[in-house]
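Participant: As input, take structure-v2.cif (mmCIF, C-alpha atoms and all ligand atoms):
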```
data_coords
#
loop_
_atom_site.label_atom_id
_atom_site.label_comp_id
_atom_site.auth_asym_id
_atom_site.auth_seq_id
_atom_site.Cartn_x
_atom_site.Cartn_y
_atom_site.Cartn_z
CA MET A 1 121.08 -29.77 -109.73
CA GLY A 2 117.44 -29.47 -110.65
CA SER A 3 114.99 -30.80 -108.19
CA HIS A 4 111.41 -31.73 -107.58
CA ALA A 5 109.62 -30.17 -104.61
CA SER A 6 107.80 -32.40 -102.16
CA ASP A 7 104.61 -32.34 -104.26
CA ASP A 8 106.71 -33.21 -107.30
CA LYS A 9 106.60 -29.79 -108.97
CA ILE A 10 109.30 -29.57 -111.63
CA TYR A 11 112.04 -26.99 -110.98
CA LEU A 12 115.03 -26.79 -113.32
CA LEU A 13 117.45 -25.19 -110.82
CA GLY A 14 119.02 -26.58 -107.65
CA ARG A 15 118.58 -25.33 -104.08
CA ASP A 16 122.01 -26.14 -102.60
CA GLU A 17 124.51 -23.74 -100.99
CA ALA A 18 126.17 -22.86 -104.29
CA GLU A 19 122.77 -21.92 -105.76
CA THR A 20 121.94 -19.84 -102.67
CA GLU A 21 125.20 -17.92 -103.12
CA ARG A 22 124.51 -17.51 -106.84
CA LEU A 23 121.02 -16.09 -106.18
CA ASN A 24 122.38 -13.56 -103.69
CA LYS A 25 125.16 -12.42 -106.04
CA GLN A 26 122.70 -12.37 -108.94
CA HIS A 27 120.53 -9.94 -107.00
CA ARG A 28 123.35 -7.34 -107.12
CA PHE A 29 123.82 -7.87 -110.85
CA LEU A 30 120.10 -7.61 -111.70
CA LEU A 31 119.86 -4.47 -109.64
CA ALA A 32 122.86 -2.96 -111.41
CA ILE A 33 121.48 -3.82 -114.86
CA SER A 34 118.17 -2.14 -114.03
CA GLY A 35 119.62 1.12 -112.72
CA ASP A 36 120.06 0.20 -109.04
CA GLU A 37 116.33 0.56 -108.34
CA LEU A 38 114.39 -2.18 -106.56
CA MET A 39 111.11 -0.76 -107.84
CA HIS A 40 110.12 0.53 -111.26
CA PRO A 41 109.90 4.37 -111.28
CA SER A 42 106.13 4.21 -111.96
CA ILE A 43 105.57 2.83 -108.43
CA PRO A 44 105.19 5.59 -105.82
CA ARG A 45 107.69 4.36 -103.21
CA ASP A 46 106.35 6.53 -100.39
CA GLN A 47 103.07 4.55 -100.63
CA ILE A 48 104.71 1.14 -100.32
CA SER A 49 104.99 -0.36 -96.85
CA ALA A 50 103.35 -3.80 -97.05
CA VAL A 51 105.18 -6.04 -99.52
CA ALA A 52 104.91 -9.72 -100.47
CA ASP A 53 107.64 -11.45 -102.49
CA LEU A 54 106.54 -14.64 -104.29
CA GLY A 55 109.14 -17.33 -105.08
CA THR A 56 111.37 -15.43 -102.68
CA GLY A 57 114.25 -17.96 -102.67
CA THR A 58 116.71 -16.66 -100.06
CA GLY A 59 114.57 -13.54 -99.41
CA ILE A 60 117.37 -11.32 -100.72
CA TRP A 61 115.08 -8.86 -102.54
CA LEU A 62 112.96 -8.23 -99.42
CA GLU A 63 116.06 -7.98 -97.25
CA ASP A 64 117.53 -5.33 -99.54
CA PHE A 65 114.18 -3.50 -99.64
CA ALA A 66 114.11 -3.34 -95.81
CA GLN A 67 117.77 -2.31 -95.56
CA LYS A 68 117.28 0.59 -97.96
CA HIS A 69 114.02 1.80 -96.38
CA PRO A 70 114.22 4.95 -94.22
CA ASN A 71 111.86 3.50 -91.62
CA PRO A 72 112.13 -0.31 -91.78
CA SER A 73 110.18 -0.90 -88.56
CA SER A 74 107.06 0.51 -90.28
CA LEU A 75 107.13 -2.26 -92.91
CA ASP A 76 105.03 -5.42 -93.24
CA LEU A 77 107.17 -7.81 -95.32
CA HIS A 78 106.41 -11.43 -96.22
CA GLY A 79 108.27 -13.85 -98.49
CA PHE A 80 106.63 -16.98 -99.90
CA ASP A 81 108.28 -19.93 -101.65
CA ILE A 82 107.25 -23.44 -102.59
CA SER A 83 110.38 -24.70 -100.83
CA PRO A 84 112.02 -23.54 -97.57
CA ALA A 85 115.40 -25.00 -98.68
CA GLN A 86 116.99 -21.57 -99.19
CA PHE A 87 115.31 -19.78 -96.27
CA PRO A 88 117.61 -18.68 -93.43
CA THR A 89 117.35 -20.66 -90.19
CA GLY A 90 114.12 -19.97 -88.31
CA HIS A 91 112.28 -18.98 -91.50
CA GLU A 92 112.72 -15.27 -90.94
CA ILE A 93 115.20 -12.52 -91.76
CA VAL A 94 115.97 -9.86 -89.18
CA VAL A 95 117.15 -6.52 -90.52
CA PRO A 96 118.04 -3.19 -88.83
CA GLU A 97 115.66 -1.81 -86.19
CA LYS A 98 114.63 -5.40 -85.46
CA THR A 99 112.39 -5.54 -88.56
CA ARG A 100 111.38 -9.14 -89.15
CA ILE A 101 110.70 -10.51 -92.59
CA ALA A 102 108.47 -13.58 -92.28
CA LEU A 103 109.03 -16.42 -94.73
CA SER A 104 106.35 -19.04 -95.47
CA VAL A 105 106.12 -22.10 -97.65
CA HIS A 106 103.44 -21.55 -100.29
CA ASP A 107 102.96 -22.65 -103.89
CA ALA A 108 102.27 -19.57 -106.04
CA LEU A 109 99.79 -21.66 -108.01
CA GLN A 110 97.55 -22.01 -104.95
CA PRO A 111 95.31 -19.30 -103.41
CA TYR A 112 96.89 -17.60 -100.39
CA PRO A 113 95.49 -17.82 -96.84
CA ALA A 114 92.75 -15.28 -96.03
CA GLU A 115 94.99 -13.22 -93.71
CA HIS A 116 97.12 -12.21 -96.74
CA LEU A 117 94.35 -11.27 -99.17
CA GLY A 118 94.04 -7.55 -99.99
CA ARG A 119 96.92 -6.81 -97.59
CA TYR A 120 99.85 -5.66 -99.74
CA ASP A 121 100.80 -2.37 -101.43
CA LEU A 122 103.23 -4.26 -103.64
CA VAL A 123 103.60 -7.86 -104.74
CA HIS A 124 107.03 -8.61 -106.17
CA ILE A 125 107.88 -11.68 -108.26
CA ARG A 126 111.29 -12.42 -109.76
CA LEU A 127 112.58 -15.40 -111.72
CA LEU A 128 109.87 -18.01 -111.42
CA THR A 129 110.40 -19.27 -115.00
CA ALA A 130 112.38 -22.36 -114.01
CA GLY A 131 109.25 -23.77 -112.37
CA LEU A 132 106.31 -22.51 -114.48
CA LYS A 133 104.39 -24.06 -117.35
CA GLN A 134 102.81 -21.79 -119.97
CA GLY A 135 99.33 -21.92 -118.43
CA ASP A 136 100.71 -21.32 -114.91
CA TYR A 137 101.44 -17.63 -115.53
CA THR A 138 97.71 -16.76 -115.50
CA VAL A 139 97.18 -18.62 -112.23
CA VAL A 140 100.22 -17.09 -110.49
CA LEU A 141 99.09 -13.63 -111.55
CA LYS A 142 95.49 -14.16 -110.37
CA ASN A 143 96.68 -15.35 -106.95
CA ALA A 144 99.19 -12.49 -106.74
CA ARG A 145 96.51 -9.94 -107.63
CA ASP A 146 94.33 -11.21 -104.78
CA LEU A 147 97.10 -10.30 -102.34
CA LEU A 148 96.99 -6.65 -103.35
CA LYS A 149 95.09 -3.78 -101.80
CA PRO A 150 92.55 -2.35 -104.31
CA THR A 151 95.16 0.04 -105.75
CA GLY A 152 98.28 -2.01 -104.97
CA TYR A 153 101.11 -2.64 -107.46
CA LEU A 154 102.54 -5.76 -108.99
CA GLN A 155 106.12 -5.98 -110.29
CA TRP A 156 107.23 -9.17 -112.05
CA GLU A 157 110.79 -9.60 -113.35
CA GLU A 158 112.11 -12.36 -115.58
CA VAL A 159 115.32 -13.06 -117.48
CA ASP A 160 114.91 -14.16 -121.08
CA THR A 161 117.06 -17.29 -121.34
CA THR A 162 116.25 -17.46 -125.05
CA THR A 163 118.22 -14.31 -125.80
CA PHE A 164 121.60 -15.05 -124.18
CA CYS A 165 124.25 -14.03 -126.69
CA THR A 166 127.19 -11.68 -127.14
CA ASN A 167 127.78 -8.78 -129.49
CA GLY A 168 130.38 -10.92 -131.35
CA HIS A 169 129.70 -12.18 -134.89
CA PRO A 170 129.32 -14.85 -136.04
CA GLU A 171 127.76 -16.38 -132.92
CA LEU A 172 130.05 -18.74 -131.02
CA PRO A 173 128.61 -22.28 -131.49
CA ALA A 174 129.10 -22.97 -127.74
CA ILE A 175 126.62 -20.19 -126.96
CA THR A 176 124.06 -21.51 -129.45
CA THR A 177 124.44 -24.97 -127.92
CA MET A 178 123.98 -23.80 -124.30
CA ARG A 179 121.01 -21.57 -125.12
CA ASN A 180 119.22 -24.23 -127.20
CA THR A 181 119.91 -26.92 -124.60
CA VAL A 182 118.12 -24.90 -121.92
CA ILE A 183 115.20 -24.00 -124.22
CA ASP A 184 114.77 -27.59 -125.44
CA ALA A 185 114.91 -29.02 -121.90
CA MET A 186 112.37 -26.51 -120.62
CA LEU A 187 109.99 -27.29 -123.48
CA LYS A 188 110.47 -31.03 -122.94
CA LEU A 189 109.53 -30.55 -119.28
CA ASN A 190 106.55 -28.44 -120.37
CA LEU A 191 108.13 -25.37 -118.75
CA TRP A 192 107.88 -22.05 -120.60
CA PRO A 193 111.19 -20.34 -121.45
CA PHE A 194 109.71 -17.21 -123.06
CA ALA A 195 108.85 -15.47 -119.80
CA PRO A 196 109.16 -11.66 -120.20
CA PRO A 197 106.67 -11.20 -123.08
CA THR A 198 104.27 -13.66 -121.44
CA VAL A 199 104.39 -11.83 -118.11
CA TYR A 200 103.76 -8.49 -119.81
CA GLU A 201 100.80 -9.86 -121.78
CA GLU A 202 99.29 -11.49 -118.68
CA ILE A 203 99.50 -8.22 -116.72
CA ARG A 204 98.19 -6.17 -119.63
CA THR A 205 95.13 -8.38 -119.97
CA GLY A 206 94.79 -9.37 -116.31
CA GLY A 207 92.83 -6.48 -114.79
CA PHE A 208 95.68 -4.05 -114.15
CA ASN A 209 96.02 -0.33 -114.86
CA ASN A 210 99.17 1.74 -115.43
CA VAL A 211 100.94 -1.17 -117.07
CA HIS A 212 104.60 -0.64 -117.92
CA ARG A 213 107.34 -2.81 -119.37
CA GLU A 214 111.11 -2.29 -119.45
CA THR A 215 113.79 -4.46 -120.98
CA TYR A 216 117.26 -4.01 -119.55
CA THR A 217 120.48 -5.28 -121.12
CA THR A 218 124.18 -4.96 -120.38
CA GLU A 219 124.79 -3.12 -123.65
CA GLY A 220 125.97 0.45 -123.09
CA LYS A 221 126.64 -0.16 -119.37
CA GLU A 222 130.43 -0.27 -119.35
CA HIS A 223 130.66 -0.78 -115.61
CA LEU A 224 128.98 -4.18 -116.12
CA TYR A 225 131.15 -5.42 -118.98
CA ALA A 226 133.52 -7.37 -116.71
CA ILE A 227 130.84 -8.88 -114.51
CA ALA A 228 128.31 -9.79 -117.25
CA PRO A 229 130.13 -12.94 -118.48
CA LYS A 230 130.54 -14.10 -114.88
CA TRP A 231 126.81 -13.78 -114.35
CA VAL A 232 126.02 -15.61 -117.60
CA THR A 233 128.41 -18.46 -116.71
CA GLY A 234 126.72 -18.71 -113.29
CA VAL A 235 123.31 -19.04 -114.93
CA MET A 236 124.62 -21.57 -117.45
CA ARG A 237 126.33 -23.67 -114.75
CA ALA A 238 122.99 -23.68 -112.91
CA LEU A 239 120.82 -24.59 -115.92
CA VAL A 240 122.78 -26.42 -118.63
CA PRO A 241 123.92 -29.64 -116.86
CA GLN A 242 120.41 -30.50 -115.67
CA SER A 243 119.06 -29.63 -119.13
CA MET A 244 121.57 -32.02 -120.75
CA VAL A 245 120.43 -34.82 -118.44
CA VAL A 246 116.76 -34.08 -119.23
CA LEU A 247 117.51 -34.26 -122.96
CA GLY A 248 119.58 -37.44 -122.66
CA GLN A 249 122.70 -35.61 -123.89
CA ALA A 250 124.63 -36.83 -120.85
CA GLY A 251 124.28 -40.04 -118.91
CA SER A 252 125.02 -38.52 -115.50
CA GLU A 253 125.24 -35.21 -113.63
CA GLU A 254 129.04 -35.50 -113.60
CA GLU A 255 129.26 -36.02 -117.35
CA ALA A 256 126.86 -33.10 -117.95
CA LYS A 257 128.91 -30.81 -115.71
CA GLY A 258 132.09 -31.77 -117.55
CA LYS A 259 130.51 -31.03 -120.96
CA THR A 260 129.12 -27.72 -119.67
CA GLU A 261 132.54 -26.66 -118.37
CA GLY A 262 133.97 -27.23 -121.86
CA LEU A 263 131.33 -24.94 -123.40
CA ILE A 264 131.78 -22.35 -120.66
CA GLY A 265 135.56 -22.33 -121.25
CA GLU A 266 134.92 -21.46 -124.92
CA PHE A 267 132.41 -18.77 -123.89
CA GLU A 268 134.89 -17.19 -121.43
CA GLU A 269 137.61 -17.12 -124.06
CA HIS A 270 135.17 -15.53 -126.55
CA CYS A 271 134.21 -12.88 -123.96
CA ARG A 272 137.77 -11.52 -123.97
CA ARG A 273 136.74 -9.91 -127.27
CA ALA A 274 132.94 -9.71 -127.01
CA LEU A 275 130.34 -8.35 -124.61
CA ALA A 276 127.93 -10.81 -122.98
CA LEU A 277 124.36 -9.61 -123.57
CA ALA A 278 121.50 -10.58 -121.31
CA SER A 279 117.88 -9.49 -121.42
CA PHE A 280 116.03 -8.79 -118.20
CA GLY A 281 112.37 -7.83 -118.40
CA VAL A 282 110.41 -5.94 -115.75
CA SER A 283 106.62 -5.62 -116.03
CA VAL A 284 104.50 -3.53 -113.68
CA GLY A 285 100.79 -2.94 -113.18
CA GLN A 286 98.41 -1.42 -110.65
CA ARG A 287 95.42 -3.38 -109.46
CA GLY A 288 92.25 -1.79 -110.76
CA ASP A 289 88.96 -3.13 -109.41
C1 LIG B 1 115.54 -18.61 -109.41
S1 LIG B 1 114.87 -18.58 -107.82
C2 LIG B 1 114.59 -16.84 -107.60
C3 LIG B 1 114.50 -16.45 -106.16
C4 LIG B 1 114.23 -14.96 -105.91
N1 LIG B 1 112.96 -14.56 -106.46
C5 LIG B 1 115.34 -14.11 -106.47
O1 LIG B 1 115.11 -13.40 -107.45
O2 LIG B 1 116.44 -14.16 -105.92
C6 LIG B 1 113.22 -19.17 -108.05
C7 LIG B 1 112.47 -19.48 -106.77
O3 LIG B 1 111.10 -19.75 -107.10
C8 LIG B 1 110.66 -20.82 -106.30
N2 LIG B 1 109.51 -21.45 -106.94
C9 LIG B 1 109.48 -22.24 -108.02
N3 LIG B 1 108.21 -22.60 -108.31
C10 LIG B 1 107.42 -22.01 -107.37
C11 LIG B 1 106.02 -22.00 -107.11
N4 LIG B 1 105.16 -22.68 -107.87
N5 LIG B 1 105.56 -21.29 -106.05
C12 LIG B 1 106.42 -20.60 -105.26
N6 LIG B 1 107.74 -20.59 -105.45
C13 LIG B 1 108.25 -21.28 -106.49
C14 LIG B 1 111.88 -21.71 -106.16
O4 LIG B 1 111.76 -22.58 -105.05
C15 LIG B 1 112.99 -20.67 -106.01
O5 LIG B 1 113.21 -20.34 -104.68
#
```
Show this structure as structure tokens.
Facilitator:
Amino acid sequence: MGSHASDDKIYLLGRDEAETERLNKQHRFLLAISGDELMHPSIPRDQISAVADLGTGTGIWLEDFAQKHPNPSSLDLHGFDISPAQFPTGHEIVVPEKTRIALSVHDALQPYPAEHLGRYDLVHIRLLTAGLKQGDYTVVLKNARDLLKPTGYLQWEEVDTTTFCTNGHPELPAITTMRNTVIDAMLKLNLWPFAPPTVYEEIRTGGFNNVHRETYTTEGKEHLYAIAPKWVTGVMRALVPQSMVVLGQAGSEEEAKGKTEGLIGEFEEHCRRALALASFGVSVGQRGD
């Protein structure tokens, strides 16, 4: 269930074992939807060896980056998160050739320690929406930019929870209900559910060159048709019950979970005939001083 970090920052998702497993599985799905590339094609991968991942969660993106790299021991990799709850034991990940990925607790809204400033070829951010207010995007981006070398790259990826739907018509009311519940709860908590266009606009106007934006969906990717509804139900199980509690639509977590399962059952039945559509936005820019 949703939680508040030690300094009482609002975060709409949980950080328990089930959520850790969901994040790791989700990584595979997001990679598949965006063409199995960790980095946008505009980023010259042979120039990327120092990488910071902000809001790293379990560190799965950095771990995959190291595992796929031809020379992992040459890398300088660091994951930051406001909470260590999903970090592996010892706050580091060890990958082949004894490459160590350091993980630190750090709020992306705060400036980073001096040793990290100007150090990275790439700063990667993915799925911070569940903890950011509208004005926070500018601050996160400014702090992230400070981590980059003068010509380093930033890549920021967000799912658009406001566009969850299927290609079936008319829209299944259960889908409308789940989507609106999440949007309304986020707005009530002062969080900002319209992340991908906001991220793109912040990068475009935030002192970056070579700015690119891609929007990936499941449509046209037949190999994802079976897995897409499973991913959507995972996201909805993670977001809808807490949202119902926030909105006073359920008196307890248990009641909210029960109601959500009813809606998810209808969605799964509907997806026997329709394709679940999700929108995943990737924005990229190069620091230009
Ligand atoms: C949905 S998870 C995504 C994790 C990871 N980026 C991924 O794609 O698998 C969001 C993460 O952002 C972290 N987070 C939320 N607000 C944050 C903040 N202000 N600063 C740093 N991390 C934050 C959460 O603790 C959580 O680990």
Participant: Please, which residues have at least one atom within 8 Å of an atom of ligand LIG 1 (chain B), using only C-alpha atoms and all ligand atoms, listed as a VMD selection string?
Facilitator: chain A and resid 5 9 to 11 13 15 23 to 24 26 to 27 53 to 61 80 to 86 105 to 109 125 to 132 140
Participant: Could the residues in this selection be written to a file with C-alpha atoms, as a tab-separated table (two decimals), keeping the file's coordinate frame?
Facilitator:
```tsv
chain	number	residue	atom	x	y	z
A	5	ALA	CA	109.62	-30.17	-104.61
A	9	LYS	CA	106.60	-29.79	-108.97
A	10	ILE	CA	109.30	-29.57	-111.63
A	11	TYR	CA	112.04	-26.99	-110.98
A	13	LEU	CA	117.45	-25.19	-110.82
A	15	ARG	CA	118.58	-25.33	-104.08
A	23	LEU	CA	121.02	-16.09	-106.18
A	24	ASN	CA	122.38	-13.56	-103.69
A	26	GLN	CA	122.70	-12.37	-108.94
A	27	HIS	CA	120.53	-9.94	-107.00
A	53	ASP	CA	107.64	-11.45	-102.49
A	54	LEU	CA	106.54	-14.64	-104.29
A	55	GLY	CA	109.14	-17.33	-105.08
A	56	THR	CA	111.37	-15.43	-102.68
A	57	GLY	CA	114.25	-17.96	-102.67
A	58	THR	CA	116.71	-16.66	-100.06
A	59	GLY	CA	114.57	-13.54	-99.41
A	60	ILE	CA	117.37	-11.32	-100.72
A	61	TRP	CA	115.08	-8.86	-102.54
A	80	PHE	CA	106.63	-16.98	-99.90
A	81	ASP	CA	108.28	-19.93	-101.65
A	82	ILE	CA	107.25	-23.44	-102.59
A	83	SER	CA	110.38	-24.70	-100.83
A	84	PRO	CA	112.02	-23.54	-97.57
A	85	ALA	CA	115.40	-25.00	-98.68
A	86	GLN	CA	116.99	-21.57	-99.19
A	105	VAL	CA	106.12	-22.10	-97.65
A	106	HIS	CA	103.44	-21.55	-100.29
A	107	ASP	CA	102.96	-22.65	-103.89
A	108	ALA	CA	102.27	-19.57	-106.04
A	109	LEU	CA	99.79	-21.66	-108.01
A	125	ILE	CA	107.88	-11.68	-108.26
A	126	ARG	CA	111.29	-12.42	-109.76
A	127	LEU	CA	112.58	-15.40	-111.72
A	128	LEU	CA	109.87	-18.01	-111.42
A	129	THR	CA	110.40	-19.27	-115.00
A	130	ALA	CA	112.38	-22.36	-114.01
A	131	GLY	CA	109.25	-23.77	-112.37
A	132	LEU	CA	106.31	-22.51	-114.48
A	140	VAL	CA	100.22	-17.09	-110.49
```
Participant: Please build the interface table for stretch 112-167 of chain A against stretch 267-282 of chain A with a cut-off of 9 Å, listing for each qualifying residue the nearest atom pair and the distance in Å to one decimal; count all atoms listed in the file, order rows by chain and increasing number, and write it as a tab-separated table.
Facilitator:
```
residue	atom	partner	partner_atom	distance
A:Arg126	CA	A:Val282	CA	8.9
A:Gln155	CA	A:Val282	CA	6.9
A:Trp156	CA	A:Val282	CA	5.9
A:Glu157	CA	A:Val282	CA	4.4
A:Glu158	CA	A:Gly281	CA	5.3
A:Val159	CA	A:Phe280	CA	4.4
A:Asp160	CA	A:Ser279	CA	5.5
A:Thr161	CA	A:Ser279	CA	7.8
A:Thr162	CA	A:Ser279	CA	8.9
A:Thr163	CA	A:Ser279	CA	6.5
A:Phe164	CA	A:Ala278	CA	5.3
A:Cys165	CA	A:Leu277	CA	5.4
A:Thr166	CA	A:Ala276	CA	4.3
A:Asn167	CA	A:Leu275	CA	5.5
```
Participant: How many Å separate atom CA of A:Pro72 from atom CA of A:Ser283?
Facilitator: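 These two atoms are separated by 25.4 Å.
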Participant: With distances taken over all atoms listed in the file, which of A:Gly207, A:Pro96, A:Pro170, A:Gly14 is nearest to A:Gly285?
Facilitator: A:Gly207
Participant: Have a look at atom CA of A:Ala102 and atom CA of A:Gly288 and let me know their distance in Å, one decimal.
Facilitator: 27.3 Å
Participant: Just how far from atom CA of A:Arg22 is atom CA of A:Leu224, in Å to one decimal?
Facilitator: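 It comes out at 16.8 Å.
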Participant: Give me, as a PyMOL selection string, all polymer residues having an atom no more than 12 Å from A:Thr151, counting all atoms listed in the file and skipping those fewer than 5 positions away in the same chain.
Facilitator: chain A and resi 43-44+47-48+118-123+145-146+207-210+285-289
Participant: As a CSV table (one decimal), in the coordinates of the input, please: stretch 170-179 of chain A completed to all heavy atoms.
Facilitator:
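Final output, saved to result_8.csv:
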```
chain,number,residue,atom,x,y,z
A,170,PRO,N,130.6,-14.1,-136.2
A,170,PRO,CA,129.3,-14.8,-136.0
A,170,PRO,C,129.2,-15.4,-134.6
A,170,PRO,O,130.1,-15.4,-133.9
A,170,PRO,CB,129.5,-16.0,-137.1
A,170,PRO,CG,131.0,-16.2,-137.1
A,170,PRO,CD,131.6,-14.9,-136.9
A,171,GLU,N,128.0,-15.9,-134.3
A,171,GLU,CA,127.8,-16.4,-132.9
A,171,GLU,C,128.7,-17.6,-132.6
A,171,GLU,O,128.8,-18.5,-133.5
A,171,GLU,CB,126.3,-16.8,-132.7
A,171,GLU,CG,126.1,-17.4,-131.3
A,171,GLU,CD,124.6,-17.3,-130.9
A,171,GLU,OE1,124.2,-16.3,-130.4
A,171,GLU,OE2,124.0,-18.4,-131.0
A,172,LEU,N,129.2,-17.6,-131.5
A,172,LEU,CA,130.0,-18.7,-131.0
A,172,LEU,C,129.1,-20.0,-130.9
A,172,LEU,O,128.1,-19.9,-130.2
A,172,LEU,CB,130.7,-18.4,-129.7
A,172,LEU,CG,131.6,-19.4,-129.0
A,172,LEU,CD1,133.0,-19.4,-129.7
A,172,LEU,CD2,131.8,-19.2,-127.5
A,173,PRO,N,129.5,-21.1,-131.6
A,173,PRO,CA,128.6,-22.3,-131.5
A,173,PRO,C,128.3,-22.7,-130.1
A,173,PRO,O,127.3,-23.2,-129.7
A,173,PRO,CB,129.4,-23.3,-132.3
A,173,PRO,CG,130.2,-22.6,-133.2
A,173,PRO,CD,130.6,-21.3,-132.5
A,174,ALA,N,129.3,-22.5,-129.1
A,174,ALA,CA,129.1,-23.0,-127.7
A,174,ALA,C,127.9,-22.2,-127.1
A,174,ALA,O,127.2,-22.8,-126.3
A,174,ALA,CB,130.4,-22.7,-126.9
A,175,ILE,N,127.7,-21.0,-127.5
A,175,ILE,CA,126.6,-20.2,-127.0
A,175,ILE,C,125.3,-20.7,-127.5
A,175,ILE,O,124.3,-20.9,-126.8
A,175,ILE,CB,126.8,-18.7,-127.3
A,175,ILE,CG1,128.0,-18.1,-126.7
A,175,ILE,CG2,125.5,-17.9,-126.9
A,175,ILE,CD1,128.3,-16.7,-127.1
A,176,THR,N,125.3,-21.0,-128.8
A,176,THR,CA,124.1,-21.5,-129.4
A,176,THR,C,123.7,-22.8,-128.8
A,176,THR,O,122.5,-23.1,-128.4
A,176,THR,CB,124.3,-21.8,-131.0
A,176,THR,OG1,125.1,-20.7,-131.5
A,176,THR,CG2,123.0,-21.9,-131.7
A,177,THR,N,124.7,-23.7,-128.5
A,177,THR,CA,124.4,-25.0,-127.9
A,177,THR,C,123.8,-24.8,-126.5
A,177,THR,O,122.8,-25.4,-126.2
A,177,THR,CB,125.8,-25.8,-127.8
A,177,THR,OG1,126.3,-25.9,-129.1
A,177,THR,CG2,125.5,-27.1,-127.2
A,178,MET,N,124.5,-23.9,-125.7
A,178,MET,CA,124.0,-23.8,-124.3
A,178,MET,C,122.6,-23.2,-124.3
A,178,MET,O,121.7,-23.7,-123.6
A,178,MET,CB,124.9,-22.9,-123.5
A,178,MET,CG,126.2,-23.6,-123.2
A,178,MET,SD,127.2,-22.8,-121.9
A,178,MET,CE,127.9,-21.4,-122.8
A,179,ARG,N,122.3,-22.2,-125.1
A,179,ARG,CA,121.0,-21.6,-125.1
A,179,ARG,C,119.9,-22.6,-125.6
A,179,ARG,O,118.9,-22.7,-124.9
A,179,ARG,CB,121.1,-20.4,-126.1
A,179,ARG,CG,119.9,-19.4,-125.9
A,179,ARG,CD,120.0,-18.2,-126.9
A,179,ARG,NE,120.2,-18.7,-128.2
A,179,ARG,CZ,121.1,-18.2,-129.1
A,179,ARG,NH1,121.9,-17.2,-128.7
A,179,ARG,NH2,121.2,-18.6,-130.3
```
